[in-house]
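The next block holds one structure in the form of structure tokens; read it before the comments.
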Amino acid sequence: MSFGVHPLILVAVVGAVASLLAIVIACRAKSGVLIVLMIALALVFIVPAGYLILALNPALVDGRFRTYKQFYTDIEVGMTREQVLAAMDQRYPAAGARKRPKIMEDTPNSLGFFMNPEASREPNCEGIFLTLEAGCVSKKVYSPD
């Protein structure tokens, strides 16, 4: 088994270091042309790191993830099933911009939601899994995609 570093992470780290080095050179340079060249090079080198940040944090660019995570934070231990569903109604109104999460598991001891992919073709497996005891939330788990 190999537990090596993913190439995208390696490229992002090397790019960030190269970008930092280019900025240091630009700060020490006396020539205006060299300063502009180093700043341009730093911007090019930092692109893979920016891409990695966006890839690892889809909530930065996709409102579906932000709304779904806000719904998760709305759920508190001790809430009843009805309060959880009311929180979903508040976060996802019928005439709202976002489609409601799909209730995948609804038993007396558990309640599970999966984020609705809306218009996206990608499979979405973001899940919220609640454990219920005596009709109240005793544990909540957020499962990222």
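Labels for the structure tokens follow display order: chains A, B, ..., residues from 1 in each chain, ligands from 1.
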
As a ChimeraX atom specification, please: all residues of region 77-118 of chain A that backbone DSSP puts in strand (DSSP E). /A:102-107,110-114

Given only C-alpha atoms as the counted atoms, nearest of A:Ile103, A:Val141, A:Val47, A:Ala40 to Met88 (chain A):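 Once distances to Met88 (chain A) are computed over only C-alpha atoms, the minimum belongs to A:Ile103.
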
Pick out the closest residue to Tyr92 (chain A) from this set: A:Thr80, A:Thr107, A:Asn57, A:Thr67. Count only C-alpha atoms.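 Of all the options, A:Thr67 lies closest to Tyr92 (chain A).
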
Shell around Leu56 (chain A) at 12 Å using only C-alpha atoms, local window under 6 positions removed, as a ChimeraX atom specification: /A:8-9,49-50,62,65,144-145
